[in-house]
>>> print(open('start-v2.cif').read())   # mmCIF, C-alpha atoms
data_structure
loop_
_atom_site.label_atom_id
_atom_site.label_comp_id
_atom_site.auth_asym_id
_atom_site.auth_seq_id
_atom_site.Cartn_x
_atom_site.Cartn_y
_atom_site.Cartn_z
CA MET H 9 4.89 -17.93 -19.08
CA ASN H 10 3.31 -14.69 -20.30
CA PRO H 11 3.16 -12.54 -17.18
CA THR H 12 1.16 -9.32 -17.33
CA VAL H 13 0.08 -6.48 -15.07
CA ALA H 14 -3.28 -7.59 -13.64
CA ALA H 15 -3.92 -4.46 -11.57
CA ILE H 16 -2.35 -1.13 -10.62
CA ARG H 17 -3.23 0.30 -7.21
CA ARG H 18 -2.20 3.33 -5.25
CA HIS H 19 -2.99 4.44 -1.71
CA PRO H 20 -3.11 8.26 -1.65
CA VAL H 21 -3.42 8.30 2.15
CA LYS H 22 -1.32 5.77 4.05
CA GLY H 23 -3.52 3.32 5.93
CA LEU H 24 -6.71 4.15 4.05
CA SER H 25 -8.34 2.30 1.15
CA GLY H 26 -6.62 2.07 -2.22
CA GLN H 27 -7.53 3.26 -5.69
CA GLU H 28 -7.51 1.22 -8.90
CA LEU H 29 -5.74 2.73 -11.91
CA THR H 30 -5.81 1.64 -15.53
CA ALA H 31 -2.44 3.24 -16.29
CA ALA H 32 0.29 5.35 -14.71
CA ASP H 33 3.46 7.19 -15.71
CA LEU H 34 6.50 6.12 -13.70
CA ALA H 35 9.57 8.30 -13.15
CA PRO H 36 13.06 7.15 -12.10
CA GLY H 37 13.54 7.05 -8.35
CA ARG H 38 9.90 7.93 -7.69
CA PRO H 39 6.95 5.97 -6.31
CA LEU H 40 3.74 5.30 -8.18
CA PRO H 41 2.35 8.83 -8.64
CA LEU H 42 0.47 10.00 -5.53
CA ASP H 43 0.93 6.68 -3.76
CA ARG H 44 1.15 7.26 0.01
CA ARG H 45 1.49 10.98 -0.69
CA TYR H 46 -0.37 11.74 2.54
CA GLY H 47 -0.53 10.14 5.97
CA LEU H 48 -2.48 10.49 9.21
CA LEU H 49 -0.15 10.97 12.17
CA HIS H 50 -1.09 9.98 15.70
CA GLY H 51 0.06 10.62 19.26
CA PRO H 52 3.41 12.36 19.83
CA ALA H 53 4.28 12.19 16.12
CA ALA H 54 1.32 14.48 15.36
CA LEU H 55 2.83 17.13 17.62
CA ASP H 56 6.20 17.10 15.87
CA THR H 57 5.67 19.91 13.41
CA ASP H 58 9.38 20.29 12.62
CA ALA H 59 9.84 16.89 10.99
CA LYS H 60 9.81 17.01 7.19
CA GLY H 61 9.86 14.30 4.55
CA TRP H 62 9.62 10.56 5.23
CA ARG H 63 8.48 9.27 8.61
CA PRO H 64 8.52 5.71 9.98
CA PRO H 65 5.32 3.64 9.73
CA SER H 66 4.93 3.68 13.51
CA ASP H 67 4.09 7.41 13.32
CA PHE H 68 0.89 6.76 11.37
CA PHE H 69 -2.55 5.27 11.84
CA THR H 70 -2.48 1.94 9.99
CA LEU H 71 -4.79 -1.07 9.76
CA ASP H 72 -2.77 -3.30 12.09
CA ARG H 73 -3.15 -0.73 14.89
CA THR H 74 -6.54 0.68 13.95
CA GLY H 75 -8.82 -1.91 12.34
CA LYS H 76 -11.71 0.59 12.23
CA LEU H 77 -10.05 2.23 9.24
CA ALA H 78 -11.07 -0.79 7.15
CA LEU H 79 -14.73 0.17 7.57
CA LEU H 80 -14.13 3.41 5.67
CA ASP H 81 -14.17 3.74 1.89
CA THR H 82 -12.20 6.66 0.54
CA GLU H 83 -12.28 8.29 -2.87
CA PHE H 84 -9.39 10.49 -3.98
CA ASP H 85 -9.75 13.08 -6.74
CA GLU H 86 -6.39 13.66 -8.39
CA ALA H 87 -7.35 16.99 -9.97
CA THR H 88 -8.28 18.67 -6.67
CA HIS H 89 -6.57 16.37 -4.11
CA SER H 90 -9.96 16.05 -2.46
CA LEU H 91 -10.63 13.06 -0.21
CA ILE H 92 -14.18 11.78 0.23
CA VAL H 93 -14.73 9.43 3.17
CA ARG H 94 -17.72 7.09 3.22
CA ARG H 95 -18.97 4.54 5.73
CA GLY H 96 -21.62 2.05 4.72
CA GLY H 97 -22.09 3.94 1.45
CA ARG H 98 -22.83 7.25 3.21
CA GLN H 99 -20.48 10.21 2.96
CA VAL H 100 -19.17 11.10 6.42
CA SER H 101 -16.41 13.59 5.60
CA ARG H 102 -14.78 15.46 2.76
CA GLY H 103 -11.89 17.86 2.39
CA ARG H 104 -8.98 18.94 0.23
CA LEU H 105 -5.74 17.40 1.41
CA ASP H 106 -3.67 20.20 -0.12
CA GLN H 107 -5.45 22.99 1.77
CA PRO H 108 -5.35 23.74 5.53
CA MET H 109 -9.12 24.03 5.90
CA GLY H 110 -9.73 20.77 4.05
CA ARG H 111 -7.21 18.95 6.21
CA THR H 112 -8.77 20.40 9.35
CA LEU H 113 -12.22 19.12 8.39
CA LEU H 114 -10.84 15.64 7.79
CA GLU H 115 -8.76 15.68 10.96
CA GLN H 116 -11.84 16.56 13.01
CA PHE H 117 -13.69 13.61 11.52
CA PHE H 118 -10.85 11.17 12.22
CA ALA H 119 -10.44 12.54 15.76
CA ALA H 120 -14.08 11.71 16.48
CA TYR H 121 -14.09 8.40 14.60
CA LEU H 122 -10.88 7.16 16.23
CA ALA H 123 -11.53 8.64 19.68
CA GLY H 124 -9.90 6.57 22.40
CA THR H 125 -7.51 4.80 20.02
CA VAL H 126 -4.53 7.00 20.84
CA PRO H 127 -4.22 10.29 22.72
CA GLY H 128 -4.04 13.58 20.91
CA MET H 129 -5.42 15.02 17.70
CA PRO H 130 -4.74 13.19 14.41
CA ARG H 131 -2.85 15.29 11.88
CA LEU H 132 -2.73 14.91 8.10
CA VAL H 133 0.67 15.52 6.55
CA GLU H 134 2.09 15.47 3.04
CA THR H 135 5.41 13.98 2.07
CA ALA H 136 8.12 15.89 0.25
CA PRO H 137 7.79 16.12 -3.56
CA GLY H 138 8.72 12.81 -5.17
CA GLY H 139 8.52 10.93 -1.88
CA ALA H 140 6.06 8.56 -0.27
CA PHE H 141 5.21 7.44 3.25
CA GLY H 142 6.08 3.84 2.42
CA ASP H 143 7.62 1.31 4.76
CA SER H 144 11.03 2.14 3.26
CA GLU H 145 12.51 5.63 3.08
CA GLU H 146 13.53 5.03 -0.53
CA PRO H 147 10.59 5.70 -2.89
CA SER H 148 9.60 2.37 -4.38
CA LEU H 149 6.77 0.15 -5.62
CA VAL H 150 5.40 -3.02 -4.05
CA LEU H 151 4.81 -5.99 -6.39
CA LEU H 152 2.69 -9.06 -5.70
CA ASN H 153 2.63 -12.33 -7.67
CA LEU H 154 -1.00 -13.48 -7.75
CA ALA H 155 0.05 -17.09 -8.37
CA SER H 156 1.95 -17.07 -5.08
CA LEU H 157 -1.11 -15.65 -3.35
CA ARG H 158 -3.32 -18.40 -4.79
CA ASP H 159 -0.82 -21.02 -3.64
CA LEU H 160 -0.88 -19.47 -0.16
CA GLU H 161 -4.69 -19.61 -0.12
CA GLU H 162 -4.85 -23.24 -1.15
CA ARG H 163 -1.94 -24.77 0.74
CA ILE H 164 -1.47 -22.66 3.85
CA ALA H 165 -4.29 -20.27 4.71
CA LYS H 166 -7.13 -22.62 3.66
CA GLN H 167 -9.30 -19.58 2.97
CA PRO H 168 -9.51 -16.71 0.45
CA VAL H 169 -6.84 -14.05 1.03
CA ASP H 170 -7.73 -10.62 -0.31
CA PRO H 171 -4.74 -9.16 -2.22
CA ARG H 172 -5.62 -5.75 -0.76
CA ARG H 173 -4.06 -6.93 2.50
CA PHE H 174 -0.61 -6.48 1.02
CA ARG H 175 -1.18 -2.94 -0.29
CA ALA H 176 0.77 -3.75 -3.45
CA ASN H 177 1.05 -1.29 -6.33
CA LEU H 178 1.43 -3.85 -9.12
CA LEU H 179 -0.37 -7.19 -9.14
CA ILE H 180 1.24 -9.57 -11.62
CA ASP H 181 -0.41 -12.65 -13.09
CA GLY H 182 0.77 -15.40 -15.41
CA LEU H 183 3.77 -16.55 -13.35
CA ASN H 184 4.58 -19.72 -11.47
CA PRO H 185 4.12 -19.50 -7.69
CA TRP H 186 7.08 -18.01 -5.81
CA VAL H 187 9.29 -17.61 -8.90
CA GLU H 188 9.59 -13.93 -8.00
CA ARG H 189 11.84 -14.80 -5.04
CA SER H 190 14.64 -15.40 -7.57
CA TRP H 191 14.36 -11.88 -8.94
CA ILE H 192 16.20 -9.99 -6.18
CA GLY H 193 18.82 -7.73 -7.78
CA THR H 194 17.53 -8.25 -11.32
CA THR H 195 15.65 -5.91 -13.62
CA LEU H 196 12.05 -6.12 -14.74
CA ALA H 197 10.55 -4.55 -17.86
CA VAL H 198 6.97 -3.47 -17.18
CA GLY H 199 5.25 -1.77 -20.09
CA GLY H 200 7.45 1.21 -20.96
CA ALA H 201 9.32 1.27 -17.63
CA THR H 202 12.19 -0.68 -16.11
CA LEU H 203 12.34 -1.62 -12.44
CA THR H 204 15.09 -3.08 -10.28
CA ILE H 205 13.93 -5.58 -7.68
CA VAL H 206 15.47 -4.35 -4.43
CA GLU H 207 14.32 -6.90 -1.87
CA ALA H 208 11.65 -9.35 -0.80
CA ILE H 209 9.17 -8.06 1.74
CA GLU H 210 8.61 -10.07 4.89
CA CYS H 211 5.16 -10.69 6.34
CA ARG H 212 4.07 -8.02 8.80
CA PRO H 213 1.14 -7.65 11.21
CA ALA H 214 -0.83 -5.43 8.81
CA TYR H 215 -1.22 -8.37 6.44
CA ASP H 216 -3.19 -10.26 9.07
CA VAL H 217 -5.95 -7.63 9.03
CA ASN H 218 -8.96 -8.24 6.79
CA PRO H 219 -9.27 -5.07 4.65
CA ALA H 220 -13.05 -5.50 4.44
CA SER H 221 -13.86 -5.97 8.13
CA GLY H 222 -10.82 -4.73 10.04
CA ALA H 223 -10.67 -8.05 11.92
CA THR H 224 -7.34 -9.76 12.51
CA ASP H 225 -8.26 -13.14 11.05
CA LEU H 226 -4.90 -14.53 9.90
CA ASN H 227 -1.49 -15.16 11.43
CA LEU H 228 0.57 -15.36 8.30
CA LEU H 229 4.11 -15.25 9.65
CA PRO H 230 4.07 -18.60 11.51
CA LEU H 231 1.84 -20.13 8.84
CA MET H 232 4.37 -19.30 6.14
CA GLU H 233 7.33 -20.33 8.25
CA ARG H 234 5.82 -23.77 8.78
CA GLY H 235 4.46 -24.17 5.27
CA TYR H 236 7.25 -22.71 3.14
CA GLY H 237 10.26 -22.12 5.33
CA HIS H 238 10.17 -18.42 4.46
CA THR H 239 7.92 -15.44 5.16
CA GLN H 240 8.40 -13.36 2.01
CA ILE H 241 5.15 -12.47 0.27
CA ALA H 242 5.90 -9.44 -1.94
CA LEU H 243 8.73 -7.51 -3.58
CA ARG H 244 9.99 -3.96 -3.31
CA ALA H 245 11.14 -2.42 -6.60
CA ARG H 246 12.85 0.82 -7.62
CA VAL H 247 12.08 2.59 -10.92
CA VAL H 248 15.32 2.94 -12.91
CA HIS H 249 13.87 3.94 -16.29
CA GLY H 250 10.57 5.78 -16.40
CA GLY H 251 7.70 5.15 -18.76
CA ARG H 252 4.02 4.45 -19.00
CA ILE H 253 2.56 1.25 -17.60
CA ALA H 254 -0.99 -0.03 -18.01
CA VAL H 255 -3.13 -2.96 -16.97
CA GLY H 256 -2.45 -5.81 -19.41
CA ASP H 257 1.13 -4.75 -20.13
CA PRO H 258 3.71 -7.54 -20.40
CA VAL H 259 6.13 -8.10 -17.51
CA SER H 260 9.54 -9.40 -18.60
CA PRO H 261 12.00 -10.38 -15.88
CA GLU H 262 15.72 -10.48 -16.60
CA GLN H 263 15.61 -14.02 -15.30
CA ALA H 264 12.47 -15.93 -14.55
CA GLY H 265 14.07 -18.39 -12.14
#
>>> encode(input="start-v2.cif", output="structure tokens")
Amino acid sequence: MNPTVAAIRRHPVKGLSGQELTAADLAPGRPLPLDRRYGLLHGPAALDTDAKGWRPPSDFFTLDRTGKLALLDTEFDEATHSLIVRRGGRQVSRGRLDQPMGRTLLEQFFAAYLAGTVPGMPRLVETAPGGAFGDSEEPSLVLLNLASLRDLEERIAKQPVDPRRFRANLLIDGLNPWVERSWIGTTLAVGGATLTIVEAIECRPAYDVNPASGATDLNLLPLMERGYGHTQIALRARVVHGGRIAVGDPVSPEQAG
């Protein structure tokens, strides 16, 4: 096996479309830079102005609750922290996420676009420095073995399964299917960085949502339970030694299973 990094993706705003990277610099105990740096709060959570730092996923608009988000394409500019929102190729909103006026413009768009989804005004928030609005409070990266995904497509789902469903940061190719399940607690050299594999990630409702259409067109949890006897589709990893990673870099597990 000669596993490599097939893709690097980050999601600057939780729940919105991702961004392909050719390379990134990882730091110990930090997420992929700017991954899930911002989030769009809804309902009572949007009124809680005192809360700082990480918030639970239930506080945010996400695809499993709001499939309409899949119809939006977003472009994030790292230099200015500007977010451009497009629908059907046409720009429908734009604003700087790091400035109050820019956030207000975007919030007004999302309030109109998502009207009737939940009560109240959506509110854009930024996580604390070095943090991320991930599913775990500990800053981490999500890894996906593309061979496992292909096996899932062929044996269980019987249809193409877009890897964007899983909102992974690192897509790894060149492995055997499901070998990554033996990596829990081991280390992984990726380019110039070293990661520790913290845990396997269980299937969740968001994975059933088609990222292109917003339709819930899969029911992965029971499918995987029946087909494999487990429901673990990705890995959560912590950066222990920082360094630069790039698409095409070798991935060397401590033990390949």
>>> resolve_selection(input="start-v2.cif", expression="the PyMOL selection byres ((chain H and resi 119) around 12)", output="PDB file with C-alpha atoms, keeping the file's coordinate frame")
ATOM      1  CA  LEU H  48      -2.480  10.490   9.210  1.00  0.00           C
ATOM      2  CA  LEU H  49      -0.150  10.970  12.170  1.00  0.00           C
ATOM      3  CA  HIS H  50      -1.090   9.980  15.700  1.00  0.00           C
ATOM      4  CA  GLY H  51       0.060  10.620  19.260  1.00  0.00           C
ATOM      5  CA  ALA H  54       1.320  14.480  15.360  1.00  0.00           C
ATOM      6  CA  PHE H  69      -2.550   5.270  11.840  1.00  0.00           C
ATOM      7  CA  SER H 101     -16.410  13.590   5.600  1.00  0.00           C
ATOM      8  CA  ARG H 111      -7.210  18.950   6.210  1.00  0.00           C
ATOM      9  CA  THR H 112      -8.770  20.400   9.350  1.00  0.00           C
ATOM     10  CA  LEU H 113     -12.220  19.120   8.390  1.00  0.00           C
ATOM     11  CA  LEU H 114     -10.840  15.640   7.790  1.00  0.00           C
ATOM     12  CA  GLU H 115      -8.760  15.680  10.960  1.00  0.00           C
ATOM     13  CA  GLN H 116     -11.840  16.560  13.010  1.00  0.00           C
ATOM     14  CA  PHE H 117     -13.690  13.610  11.520  1.00  0.00           C
ATOM     15  CA  PHE H 118     -10.850  11.170  12.220  1.00  0.00           C
ATOM     16  CA  ALA H 120     -14.080  11.710  16.480  1.00  0.00           C
ATOM     17  CA  TYR H 121     -14.090   8.400  14.600  1.00  0.00           C
ATOM     18  CA  LEU H 122     -10.880   7.160  16.230  1.00  0.00           C
ATOM     19  CA  ALA H 123     -11.530   8.640  19.680  1.00  0.00           C
ATOM     20  CA  GLY H 124      -9.900   6.570  22.400  1.00  0.00           C
ATOM     21  CA  THR H 125      -7.510   4.800  20.020  1.00  0.00           C
ATOM     22  CA  VAL H 126      -4.530   7.000  20.840  1.00  0.00           C
ATOM     23  CA  PRO H 127      -4.220  10.290  22.720  1.00  0.00           C
ATOM     24  CA  GLY H 128      -4.040  13.580  20.910  1.00  0.00           C
ATOM     25  CA  MET H 129      -5.420  15.020  17.700  1.00  0.00           C
ATOM     26  CA  PRO H 130      -4.740  13.190  14.410  1.00  0.00           C
ATOM     27  CA  ARG H 131      -2.850  15.290  11.880  1.00  0.00           C
ATOM     28  CA  LEU H 132      -2.730  14.910   8.100  1.00  0.00           C
TER      29      LEU H 132
END
>>> resolve_selection(input="start-v2.cif", expression="the PyMOL selection byres ((chain H and resi 146) around 10)", output="list in words")
Gly37, Arg38, Pro39, Trp62, Gly139, Ala140, Phe141, Gly142, Asp143, Ser144, Glu145, Pro147, Ser148, Leu149, Ala245 and Arg246 of chain H
>>> atom_distance(input="start-v2.cif", atom1="atom CA of H:Thr57", atom2="atom CA of H:Lys22")
18.3 Å
>>> atom_distance(input="start-v2.cif", atom1="atom CA of H:Ala201", atom2="atom CA of H:Ala136")
23.1 Å
>>> closest_residue(input="start-v2.cif", among="H:Asp67, H:Asp81, H:Glu134, H:Asp56", to="H:Asp43", atoms="all atoms listed in the file")
H:Glu134
>>> closest_residue(input="start-v2.cif", among="H:Asn10, H:Thr30, H:Thr135, H:Thr82", to="H:Arg44", atoms="all atoms listed in the file")
H:Thr135
>>> resolve_selection(input="start-v2.cif", expression="the PyMOL selection byres ((chain H and resi 179) around 9)", output="PyMOL selection string")
chain H and resi 12-17+150-154+171+176-178+180-181
>>> atom_distance(input="start-v2.cif", atom1="atom CA of H:Glu86", atom2="atom CA of H:Val100")
19.7 Å
>>> closest_residue(input="start-v2.cif", among="H:Val247, H:Leu42, H:Leu77, H:Leu55", to="H:Ala197", atoms="only C-alpha atoms")
H:Val247
>>> closest_residue(input="start-v2.cif", among="H:Thr194, H:Thr204, H:Thr70, H:Gln99", to="H:Pro36", atoms="only C-alpha atoms")
H:Thr204
>>> axis_aligned_box(input="start-v2.cif", around="stretch 79-88 of chain H", padding_each_side="4 Å", output="JSON")
{"center_x": -10.6, "center_y": 9.4, "center_z": -1.2, "size_x": 16.3, "size_y": 26.5, "size_z": 25.5}
>>> closest_atom_pairs(input="start-v2.cif", of="stretch 100-187 of chain H", to="stretch 224-239 of chain H", cutoff="9 Å", atoms="only C-alpha atoms", output="CSV")
residue,atom,partner,partner_atom,distance
H:Leu160,CA,H:Met232,CA,8.2
H:Arg163,CA,H:Gly235,CA,7.9
H:Ile164,CA,H:Gly235,CA,6.3
H:Ala165,CA,H:Leu231,CA,7.4
>>> residues_around(input="start-v2.cif", residues="H:Glu188", least_positions_apart="5", cutoff="12 Å", atoms="all atoms listed in the file", output="PyMOL selection string")
chain H and resi 11+151-157+180-183+193-196+205-209+240-245+259-265
>>> closest_residue(input="start-v2.cif", among="H:Ala78, H:Leu71, H:Val93, H:Val248", to="H:Pro213", atoms="all atoms listed in the file")
H:Leu71
>>> decode(input="start-v2.cif", residues="stretch 198-216 of chain H", atoms="N, CA, C and O atoms", output="compact mmCIF listing (two decimals), in the first residue's frame")
# COMPACT_ATOMS: atom_id res chain seq x y z
N VAL H 198 1.60 12.39 8.18
CA VAL H 198 0.98 12.94 6.97
C VAL H 198 1.83 14.12 6.52
O VAL H 198 1.86 15.16 7.18
N GLY H 199 2.54 13.96 5.40
CA GLY H 199 3.44 15.02 4.99
C GLY H 199 4.42 15.34 6.10
O GLY H 199 5.09 14.46 6.65
N GLY H 200 4.47 16.63 6.51
CA GLY H 200 5.38 17.04 7.57
C GLY H 200 4.75 17.06 8.95
O GLY H 200 5.37 17.55 9.90
N ALA H 201 3.53 16.56 9.09
CA ALA H 201 2.82 16.59 10.37
C ALA H 201 2.60 15.17 10.91
O ALA H 201 2.69 14.19 10.17
N THR H 202 2.30 15.10 12.19
CA THR H 202 1.96 13.83 12.83
C THR H 202 0.63 13.99 13.55
O THR H 202 0.42 14.94 14.29
N LEU H 203 -0.26 13.01 13.30
CA LEU H 203 -1.58 13.03 13.90
C LEU H 203 -1.74 11.81 14.81
O LEU H 203 -1.15 10.76 14.55
N THR H 204 -2.55 11.95 15.83
CA THR H 204 -3.00 10.81 16.63
C THR H 204 -4.46 10.54 16.30
O THR H 204 -5.28 11.48 16.31
N ILE H 205 -4.78 9.30 16.00
CA ILE H 205 -6.17 8.95 15.69
C ILE H 205 -6.91 8.79 17.01
O ILE H 205 -6.61 7.89 17.80
N VAL H 206 -7.88 9.65 17.24
CA VAL H 206 -8.58 9.71 18.53
C VAL H 206 -9.72 8.70 18.59
O VAL H 206 -9.88 7.98 19.58
N GLU H 207 -10.54 8.67 17.55
CA GLU H 207 -11.72 7.80 17.58
C GLU H 207 -12.29 7.63 16.18
O GLU H 207 -11.99 8.42 15.27
N ALA H 208 -13.10 6.61 16.02
CA ALA H 208 -13.89 6.45 14.81
C ALA H 208 -15.18 7.25 14.95
O ALA H 208 -15.70 7.40 16.05
N ILE H 209 -15.65 7.77 13.84
CA ILE H 209 -16.85 8.60 13.85
C ILE H 209 -18.02 7.77 13.35
O ILE H 209 -17.97 7.18 12.28
N GLU H 210 -19.08 7.76 14.14
CA GLU H 210 -20.28 7.02 13.78
C GLU H 210 -21.09 7.78 12.73
O GLU H 210 -21.03 9.01 12.65
N CYS H 211 -21.86 7.05 11.95
CA CYS H 211 -22.78 7.66 11.00
C CYS H 211 -23.74 8.60 11.74
O CYS H 211 -24.15 8.31 12.86
N ARG H 212 -24.09 9.69 11.10
CA ARG H 212 -25.03 10.64 11.68
C ARG H 212 -25.99 11.11 10.61
O ARG H 212 -25.72 10.95 9.40
N PRO H 213 -27.12 11.70 10.99
CA PRO H 213 -28.13 12.08 10.00
C PRO H 213 -27.62 12.98 8.89
O PRO H 213 -28.12 12.88 7.75
N ALA H 214 -26.65 13.83 9.17
CA ALA H 214 -26.15 14.74 8.13
C ALA H 214 -25.58 13.99 6.94
O ALA H 214 -25.60 14.49 5.81
N TYR H 215 -25.06 12.78 7.16
CA TYR H 215 -24.46 12.02 6.08
C TYR H 215 -25.51 11.50 5.09
O TYR H 215 -25.18 11.12 3.97
N ASP H 216 -26.75 11.49 5.51
CA ASP H 216 -27.82 11.02 4.62
C ASP H 216 -28.27 12.09 3.63
O ASP H 216 -29.02 11.79 2.70
